[in-house]
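**Q** Hey, dropping target30.cif in here, mmCIF, C-alpha atoms:
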data_target
#
loop_
_atom_site.group_PDB
_atom_site.id
_atom_site.type_symbol
_atom_site.label_atom_id
_atom_site.label_comp_id
_atom_site.auth_asym_id
_atom_site.auth_seq_id
_atom_site.Cartn_x
_atom_site.Cartn_y
_atom_site.Cartn_z
ATOM 1 C CA MET A 1 -49.072 83.411 52.714
ATOM 2 C CA ARG A 2 -47.404 85.431 55.442
ATOM 3 C CA TYR A 3 -50.470 85.041 57.654
ATOM 4 C CA ILE A 4 -50.379 81.264 57.273
ATOM 5 C CA ALA A 5 -46.693 81.092 58.257
ATOM 6 C CA ILE A 6 -47.248 83.132 61.413
ATOM 7 C CA PHE A 7 -50.337 81.066 62.222
ATOM 8 C CA ILE A 8 -48.440 77.767 61.988
ATOM 9 C CA LEU A 9 -45.540 79.080 64.087
ATOM 10 C CA ALA A 10 -47.874 80.456 66.760
ATOM 11 C CA LEU A 11 -49.822 77.190 66.920
ATOM 12 C CA ILE A 12 -46.631 75.118 67.305
ATOM 13 C CA PHE A 13 -45.456 77.521 69.991
ATOM 14 C CA TRP A 14 -48.753 77.179 71.860
ATOM 15 C CA LEU A 15 -48.703 73.390 71.713
ATOM 16 C CA LEU A 16 -45.126 73.206 72.967
ATOM 17 C CA ILE A 17 -45.662 75.667 75.779
ATOM 18 C CA THR A 18 -48.897 74.083 77.074
ATOM 19 C CA PHE A 19 -48.070 70.472 76.106
ATOM 20 C CA ARG A 20 -51.579 69.051 76.340
ATOM 21 C CA PHE A 21 -53.016 67.577 73.166
ATOM 22 C CA THR A 22 -56.710 67.595 74.085
ATOM 23 C CA VAL A 23 -59.451 69.047 71.892
ATOM 24 C CA PRO A 24 -60.333 72.105 74.047
ATOM 25 C CA ASN A 25 -56.666 73.049 74.247
ATOM 26 C CA LEU A 26 -56.312 72.747 70.471
ATOM 27 C CA ILE A 27 -59.337 74.994 69.920
ATOM 28 C CA ALA A 28 -58.023 77.624 72.340
ATOM 29 C CA GLY A 29 -54.622 77.475 70.657
ATOM 30 C CA THR A 30 -56.129 77.894 67.207
ATOM 31 C CA LEU A 31 -58.067 80.950 68.371
ATOM 32 C CA ALA A 32 -55.011 82.520 70.004
ATOM 33 C CA ALA A 33 -52.880 81.826 66.930
ATOM 34 C CA LEU A 34 -55.551 83.365 64.686
ATOM 35 C CA ILE A 35 -55.638 86.549 66.759
ATOM 36 C CA CYS A 36 -51.823 86.723 66.803
ATOM 37 C CA SER A 37 -51.498 86.267 63.064
ATOM 38 C CA ALA A 38 -54.215 88.844 62.390
ATOM 39 C CA ILE A 39 -52.472 91.479 64.488
ATOM 40 C CA PHE A 40 -48.758 90.815 64.004
ATOM 41 C CA ALA A 41 -48.303 89.195 60.601
ATOM 42 C CA ARG A 42 -47.831 92.464 58.754
ATOM 43 C CA TYR A 43 -44.619 93.201 60.698
ATOM 44 C CA TYR A 44 -42.731 89.978 60.013
ATOM 45 C CA PHE A 45 -41.408 87.784 57.199
ATOM 46 C CA HIS A 46 -41.367 89.803 54.036
ATOM 47 C CA ASN A 47 -40.534 86.725 52.038
ATOM 48 C CA VAL A 48 -42.027 83.524 53.417
ATOM 49 C CA TYR A 49 -40.535 81.248 50.739
ATOM 50 C CA LYS A 50 -37.172 81.474 52.506
ATOM 51 C CA PHE A 51 -38.570 78.955 55.005
ATOM 52 C CA LEU A 52 -38.720 76.329 52.273
ATOM 53 C CA GLN A 53 -35.059 76.466 51.266
ATOM 54 C CA PRO A 54 -33.248 73.637 53.072
ATOM 55 C CA TYR A 55 -29.704 75.016 52.809
ATOM 56 C CA ARG A 56 -30.677 77.846 55.152
ATOM 57 C CA TYR A 57 -31.280 75.346 57.943
ATOM 58 C CA VAL A 58 -27.790 73.885 57.471
ATOM 59 C CA TRP A 59 -26.210 77.316 57.848
ATOM 60 C CA PHE A 60 -28.435 77.990 60.808
ATOM 61 C CA CYS A 61 -27.011 74.912 62.561
ATOM 62 C CA VAL A 62 -23.451 76.061 61.814
ATOM 63 C CA TYR A 63 -24.307 79.492 63.199
ATOM 64 C CA LEU A 64 -25.858 77.961 66.303
ATOM 65 C CA PHE A 65 -22.705 75.976 66.973
ATOM 66 C CA PHE A 66 -20.494 79.079 66.760
ATOM 67 C CA PHE A 67 -22.976 81.057 68.821
ATOM 68 C CA VAL A 68 -22.979 78.591 71.711
ATOM 69 C CA TRP A 69 -19.191 78.371 71.616
ATOM 70 C CA ALA A 70 -18.865 82.180 71.696
ATOM 71 C CA CYS A 71 -21.363 82.324 74.523
ATOM 72 C CA ILE A 72 -19.408 79.911 76.695
ATOM 73 C CA ARG A 73 -16.156 81.761 75.963
ATOM 74 C CA ALA A 74 -17.889 85.039 76.869
ATOM 75 C CA ASN A 75 -18.752 83.700 80.279
ATOM 76 C CA PHE A 76 -15.235 82.586 81.093
ATOM 77 C CA ASP A 77 -13.993 85.949 79.815
ATOM 78 C CA VAL A 78 -16.303 87.878 82.130
ATOM 79 C CA ALA A 79 -15.513 85.583 85.057
ATOM 80 C CA TYR A 80 -11.786 86.161 84.472
ATOM 81 C CA ARG A 81 -12.152 89.952 84.363
ATOM 82 C CA VAL A 82 -14.368 90.041 87.421
ATOM 83 C CA LEU A 83 -12.265 87.762 89.609
ATOM 84 C CA HIS A 84 -8.856 89.153 88.606
ATOM 85 C CA PRO A 85 -7.576 91.343 91.466
ATOM 86 C CA ARG A 86 -6.626 94.283 89.205
ATOM 87 C CA MET A 87 -9.651 93.974 86.871
ATOM 88 C CA PRO A 88 -8.165 94.210 83.346
ATOM 89 C CA ILE A 89 -10.781 96.441 81.706
ATOM 90 C CA LYS A 90 -10.424 99.221 79.127
ATOM 91 C CA PRO A 91 -14.002 100.028 78.117
ATOM 92 C CA GLY A 92 -15.212 102.144 75.219
ATOM 93 C CA ILE A 93 -17.940 102.478 72.607
ATOM 94 C CA VAL A 94 -16.861 101.728 69.043
ATOM 95 C CA ARG A 95 -18.661 102.060 65.729
ATOM 96 C CA VAL A 96 -18.945 98.970 63.553
ATOM 97 C CA LYS A 97 -20.258 98.855 59.999
ATOM 98 C CA THR A 98 -22.498 96.086 58.762
ATOM 99 C CA THR A 99 -23.461 94.917 55.301
ATOM 100 C CA LEU A 100 -26.656 93.119 56.341
ATOM 101 C CA ARG A 101 -29.857 94.547 54.850
ATOM 102 C CA SER A 102 -32.904 92.846 56.345
ATOM 103 C CA GLU A 103 -34.130 93.828 59.794
ATOM 104 C CA PHE A 104 -34.402 90.268 61.034
ATOM 105 C CA ALA A 105 -30.750 89.616 60.166
ATOM 106 C CA ARG A 106 -29.684 92.824 61.887
ATOM 107 C CA THR A 107 -31.558 91.909 65.050
ATOM 108 C CA LEU A 108 -29.868 88.519 65.061
ATOM 109 C CA LEU A 109 -26.451 90.096 64.570
ATOM 110 C CA ALA A 110 -27.069 92.572 67.396
ATOM 111 C CA ASN A 111 -28.132 89.757 69.705
ATOM 112 C CA SER A 112 -25.091 87.699 68.734
ATOM 113 C CA ILE A 113 -22.795 90.654 69.443
ATOM 114 C CA THR A 114 -24.388 91.053 72.861
ATOM 115 C CA MET A 115 -23.720 87.426 73.749
ATOM 116 C CA THR A 116 -20.114 87.266 72.459
ATOM 117 C CA PRO A 117 -17.083 87.976 74.695
ATOM 118 C CA GLY A 118 -16.892 91.492 76.029
ATOM 119 C CA THR A 119 -19.260 93.283 73.666
ATOM 120 C CA ILE A 120 -22.803 94.623 73.989
ATOM 121 C CA THR A 121 -24.820 96.472 71.335
ATOM 122 C CA VAL A 122 -25.908 99.969 72.325
ATOM 123 C CA ASP A 123 -27.717 101.199 69.223
ATOM 124 C CA ILE A 124 -28.217 100.724 65.497
ATOM 125 C CA LEU A 125 -28.283 103.874 63.356
ATOM 126 C CA GLY A 126 -28.352 103.433 59.591
ATOM 127 C CA ASP A 127 -25.628 100.943 58.729
ATOM 128 C CA ASP A 128 -23.691 101.433 61.947
ATOM 129 C CA PHE A 129 -23.764 99.380 65.114
ATOM 130 C CA TYR A 130 -22.572 101.137 68.267
ATOM 131 C CA VAL A 131 -20.953 98.518 70.446
ATOM 132 C CA HIS A 132 -19.780 98.863 74.023
ATOM 133 C CA TRP A 133 -16.564 96.891 74.381
ATOM 134 C CA ILE A 134 -15.146 95.979 77.766
ATOM 135 C CA TYR A 135 -11.557 95.764 76.528
ATOM 136 C CA VAL A 136 -10.756 97.827 73.417
ATOM 137 C CA LYS A 137 -8.026 95.745 71.846
ATOM 138 C CA SER A 138 -7.319 97.907 68.831
ATOM 139 C CA GLU A 139 -7.964 101.442 67.579
ATOM 140 C CA ASP A 140 -8.161 100.509 63.916
ATOM 141 C CA PRO A 141 -11.761 100.319 62.580
ATOM 142 C CA GLU A 142 -10.911 97.572 60.050
ATOM 143 C CA VAL A 143 -9.430 95.325 62.695
ATOM 144 C CA TYR A 144 -12.111 95.641 65.306
ATOM 145 C CA THR A 145 -14.954 95.348 62.805
ATOM 146 C CA LYS A 146 -13.509 92.012 61.825
ATOM 147 C CA MET A 147 -13.032 90.969 65.439
ATOM 148 C CA ILE A 148 -16.573 91.846 66.481
ATOM 149 C CA THR A 149 -18.826 90.944 63.565
ATOM 150 C CA GLY A 150 -16.579 88.748 61.384
ATOM 151 C CA LYS A 151 -17.833 85.179 61.610
ATOM 152 C CA PHE A 152 -21.380 85.929 62.666
ATOM 153 C CA GLU A 153 -22.030 88.306 59.828
ATOM 154 C CA LYS A 154 -20.855 85.705 57.338
ATOM 155 C CA TYR A 155 -23.172 82.984 58.626
ATOM 156 C CA ILE A 156 -26.186 85.179 59.290
ATOM 157 C CA LYS A 157 -25.929 86.485 55.738
ATOM 158 C CA ARG A 158 -26.197 82.949 54.425
ATOM 159 C CA PHE A 159 -29.360 81.959 56.235
ATOM 160 C CA ALA A 160 -31.295 85.121 57.062
ATOM 161 C CA GLU A 161 -30.807 87.541 54.163
ATOM 162 C CA MET B 162 -26.127 59.000 85.989
ATOM 163 C CA ASN B 163 -28.879 61.452 85.044
ATOM 164 C CA ASN B 164 -28.916 62.688 88.592
ATOM 165 C CA MET B 165 -25.183 63.356 88.404
ATOM 166 C CA ILE B 166 -25.499 65.432 85.205
ATOM 167 C CA THR B 167 -28.365 67.382 86.763
ATOM 168 C CA ILE B 168 -26.333 68.258 89.837
ATOM 169 C CA ILE B 169 -23.271 69.267 87.820
ATOM 170 C CA LEU B 170 -25.280 71.489 85.451
ATOM 171 C CA ILE B 171 -27.141 73.221 88.266
ATOM 172 C CA CYS B 172 -23.867 73.795 90.160
ATOM 173 C CA ILE B 173 -22.303 75.367 87.062
ATOM 174 C CA GLY B 174 -25.382 77.558 86.681
ATOM 175 C CA VAL B 175 -25.277 78.776 90.264
ATOM 176 C CA LEU B 176 -21.519 79.392 90.012
ATOM 177 C CA PHE B 177 -21.933 81.597 86.937
ATOM 178 C CA ASN B 178 -24.788 83.464 88.549
ATOM 179 C CA ILE B 179 -22.483 84.205 91.485
ATOM 180 C CA PHE B 180 -19.789 85.483 89.080
ATOM 181 C CA GLY B 181 -22.402 87.752 87.526
ATOM 182 C CA CYS B 182 -23.324 89.149 90.940
ATOM 183 C CA VAL B 183 -19.678 89.700 91.876
ATOM 184 C CA GLY B 184 -19.246 91.580 88.605
ATOM 185 C CA LEU B 185 -22.281 93.679 89.385
ATOM 186 C CA ILE B 186 -20.585 94.839 92.587
ATOM 187 C CA ARG B 187 -16.966 95.141 91.456
ATOM 188 C CA LEU B 188 -17.113 96.741 88.004
ATOM 189 C CA PRO B 189 -17.014 100.540 87.858
ATOM 190 C CA ASP B 190 -19.960 101.834 85.787
ATOM 191 C CA VAL B 191 -23.409 100.927 84.443
ATOM 192 C CA TYR B 192 -22.160 99.713 81.071
ATOM 193 C CA ASN B 193 -19.580 97.285 82.401
ATOM 194 C CA ARG B 194 -21.964 96.058 85.037
ATOM 195 C CA LEU B 195 -24.557 95.282 82.397
ATOM 196 C CA GLN B 196 -21.974 93.197 80.546
ATOM 197 C CA ALA B 197 -21.421 91.003 83.572
ATOM 198 C CA ALA B 198 -25.108 90.842 84.423
ATOM 199 C CA THR B 199 -26.276 89.888 80.922
ATOM 200 C CA LYS B 200 -23.708 87.280 79.982
ATOM 201 C CA CYS B 201 -23.137 85.425 83.198
ATOM 202 C CA VAL B 202 -26.717 85.428 84.355
ATOM 203 C CA THR B 203 -28.060 84.295 80.972
ATOM 204 C CA LEU B 204 -25.718 81.335 80.677
ATOM 205 C CA GLY B 205 -26.171 80.537 84.361
ATOM 206 C CA CYS B 206 -29.929 80.353 83.956
ATOM 207 C CA CYS B 207 -29.589 78.312 80.766
ATOM 208 C CA SER B 208 -27.399 75.847 82.592
ATOM 209 C CA ILE B 209 -29.930 75.526 85.415
ATOM 210 C CA LEU B 210 -32.726 75.000 82.879
ATOM 211 C CA LEU B 211 -30.672 72.299 81.134
ATOM 212 C CA GLY B 212 -30.283 70.641 84.503
ATOM 213 C CA VAL B 213 -34.063 70.685 84.858
ATOM 214 C CA VAL B 214 -34.392 69.107 81.397
ATOM 215 C CA PHE B 215 -32.083 66.271 82.397
ATOM 216 C CA HIS B 216 -33.932 65.781 85.655
ATOM 217 C CA PHE B 217 -37.425 65.510 84.153
ATOM 218 C CA GLY B 218 -36.438 63.837 80.879
ATOM 219 C CA LEU B 219 -38.687 64.391 77.877
ATOM 220 C CA SER B 220 -41.890 64.987 79.819
ATOM 221 C CA ASP B 221 -43.929 68.199 79.693
ATOM 222 C CA ALA B 222 -41.833 70.007 82.311
ATOM 223 C CA GLY B 223 -38.667 69.046 80.424
ATOM 224 C CA PHE B 224 -40.021 70.365 77.126
ATOM 225 C CA LYS B 225 -41.090 73.617 78.728
ATOM 226 C CA ALA B 226 -37.655 74.109 80.285
ATOM 227 C CA LEU B 227 -35.985 73.356 76.954
ATOM 228 C CA PHE B 228 -38.253 75.836 75.257
ATOM 229 C CA ALA B 229 -37.529 78.543 77.809
ATOM 230 C CA ILE B 230 -33.854 78.647 76.788
ATOM 231 C CA PRO B 231 -34.185 80.397 73.374
ATOM 232 C CA ILE B 232 -36.827 82.732 74.784
ATOM 233 C CA LEU B 233 -34.471 83.638 77.635
ATOM 234 C CA PHE B 234 -31.672 84.340 75.136
ATOM 235 C CA PHE B 235 -33.801 86.687 73.076
ATOM 236 C CA SER B 236 -35.394 88.529 75.980
ATOM 237 C CA ALA B 237 -32.143 88.948 77.926
ATOM 238 C CA THR B 238 -30.251 90.422 74.986
ATOM 239 C CA VAL B 239 -33.085 92.766 74.053
ATOM 240 C CA ALA B 240 -33.474 93.882 77.681
ATOM 241 C CA ALA B 241 -29.728 94.561 77.963
ATOM 242 C CA HIS B 242 -29.824 96.579 74.760
ATOM 243 C CA ALA B 243 -32.795 98.627 75.983
ATOM 244 C CA LEU B 244 -31.196 99.260 79.383
ATOM 245 C CA ILE B 245 -27.816 100.313 78.010
ATOM 246 C CA ARG B 246 -29.363 102.633 75.414
ATOM 247 C CA GLY B 247 -31.681 104.090 78.042
ATOM 248 C CA ALA B 248 -28.759 104.690 80.391
ATOM 249 C CA TYR B 249 -26.835 106.540 77.676
ATOM 250 C CA HIS B 250 -29.761 108.739 76.705
ATOM 251 C CA PHE B 251 -30.489 109.472 80.344
ATOM 252 C CA GLY B 252 -26.999 110.993 80.541
ATOM 253 C CA THR B 253 -25.016 108.462 82.545
ATOM 254 C CA ARG B 254 -21.317 109.014 81.775
ATOM 255 C CA LEU B 255 -18.924 106.276 80.817
ATOM 256 C CA GLY B 256 -16.493 105.380 83.592
ATOM 257 C CA GLU B 257 -13.149 107.128 84.029
ATOM 258 C CA LYS B 258 -11.214 104.232 82.569
ATOM 259 C CA SER B 259 -12.979 104.492 79.207
ATOM 260 C CA VAL B 260 -10.786 105.112 76.183
ATOM 261 C CA LYS B 261 -13.172 105.712 73.321
ATOM 262 C CA ASP B 262 -16.707 106.977 72.675
ATOM 263 C CA ASP B 263 -17.971 106.999 69.110
ATOM 264 C CA TYR B 264 -21.590 107.257 70.151
ATOM 265 C CA LYS B 265 -21.284 110.750 71.651
ATOM 266 C CA GLU B 266 -21.299 112.675 68.366
ATOM 267 C CA VAL B 267 -24.391 110.897 67.091
ATOM 268 C CA VAL B 268 -26.604 111.373 70.111
ATOM 269 C CA LYS B 269 -26.540 115.166 70.084
#
Would it be possible to restate this file's structure as structure tokens?

**A**
Amino acid sequence: MRYIAIFILALIFWLLITFRFTVPNLIAGTLAALICSAIFARYYFHNVYKFLQPYRYVWFCVYLFFFVWACIRANFDVAYRVLHPRMPIKPGIVRVKTTLRSEFARTLLANSITMTPGTITVDILGDDFYVHWIYVKSEDPEVYTKMITGKFEKYIKRFAE
Amino acid sequence: MNNMITIILICIGVLFNIFGCVGLIRLPDVYNRLQAATKCVTLGCCSILLGVVFHFGLSDAGFKALFAIPILFFSATVAAHALIRGAYHFGTRLGEKSVKDDYKEVVK
């Protein structure tokens, strides 16, 4: 089942990236997708049936909306810090706890943290994310955990766990 | 009209790329520089690619440009993560302005 899911995804990817729907192209794509699924399928998607649950897609759209919004804010934030004559920065590395279990969800959360204003993920060890923060607003672990992961963790939990 | 949107999007993209480069020069250490480089340059490139999508419409070039955006997001974040972790393990110190370092105890 897992192999079939990877195969379909790889084939769609191939068709979109080449964008020619001729027979030779389809055959080449099928071969490439077969090789990919044979090699890589064992590393991904421990439960394929999650793809068939429609509510996950709804939460994914909500997450995407917040992600794009955070991304745009992040850019204005960086532009402000860079162009300000005195450069208001107070950098530091803080430890943030997460409750997400699956590796896919953790990767997504780390990527989201990297794209949100002022933070970039350095490492994941056990349940802890080490996050470099360009302006450490608070010293209290509870407060900054909420500021950094808060919303994203909630939405990622709903569609990726 | 389409032409107008294309020009505006590409201008925004170039502007953010310039901000990223200014940050790369002005900020004090590797970690802060990576912040500027990752965020500004990623959104700048996405904006330019969106401009390309509007220019070509839904033809094959447009679809490819649209498809490059999520791939760019994933690869840029993963590359930033790898670079920043590599810099720390190599022994680059945090800048003098830094106030906190929770990662130090774990690395040793």

**Q** Just how far from CA of Asp77 in chain A is CA of Val94 in chain A, in Å to one decimal?

**A** 19.3 Å

**Q** What residues in chain A lie within 10 Å of chain B, counting all atoms listed in the file, written as number ranges by chain?

**A** A: 13, 16-20, 68, 71-72, 74-83, 87, 89-96, 107-108, 110-123, 125, 129-136, 139

**Q** Go ahead and compute the interatomic distance for CA of Gly174 in chain B and CA of Leu211 in chain B, in Å to one decimal.

**A**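 We find that CA of Gly174 in chain B and CA of Leu211 in chain B lie 9.3 Å from each other.
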
**Q** What is the distance between CA of Tyr155 in chain A and CA of Trp59 in chain A, in Å to one decimal?

**A**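 CA of Tyr155 in chain A sits 6.5 Å away from CA of Trp59 in chain A.
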
**Q** Quick one: apply the PyMOL selection byres ((chain A and resi 146-149) around 8) to the file and drop the selected residues here as number ranges by chain.

**A** A: 98, 109, 113, 119, 142-145, 150-153

**Q** If you apply the PyMOL selection byres ((chain A and resi 161) around 12) to this file, what residues do you get, as a PyMOL selection string?

**A** chain A and resi 45-48+50-51+56+59-60+99-109+153-160

**Q** Take every atom of range 84-91 of chain A listed in the file, pad by 6 Å on each side, and give me the axis-aligned box centre and edge lengths in Å, one decimal, as AutoDock Vina command-line options.

**A**
--center_x -10.3 --center_y 94.6 --center_z 84.8 --size_x 19.4 --size_y 22.9 --size_z 25.3

**Q** Using the chain letters and numbers from the file, which residues does the PyMOL selection byres ((chain A and resi 29) around 12) grab, as a list of chain:residue names?

**A**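 Expected selection for the PyMOL selection byres ((chain A and resi 29) around 12) here is A:Phe7, A:Ile8, A:Leu9, A:Ala10, A:Leu11, A:Ile12, A:Phe13, A:Trp14, A:Leu15, A:Leu16, A:Ile17, A:Thr18, A:Phe19, A:Arg20, A:Phe21, A:Thr22, A:Val23, A:Pro24, A:Asn25, A:Leu26, A:Ile27, A:Ala28, A:Thr30, A:Leu31, A:Ala32, A:Ala33, A:Leu34, A:Ile35, A:Cys36.
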
**Q** Could you tell me which of B:Val268, B:Cys172, B:Cys207, B:Val214 comes closest to Ile232 in chain B if we count only C-alpha atoms?

**A** B:Cys207
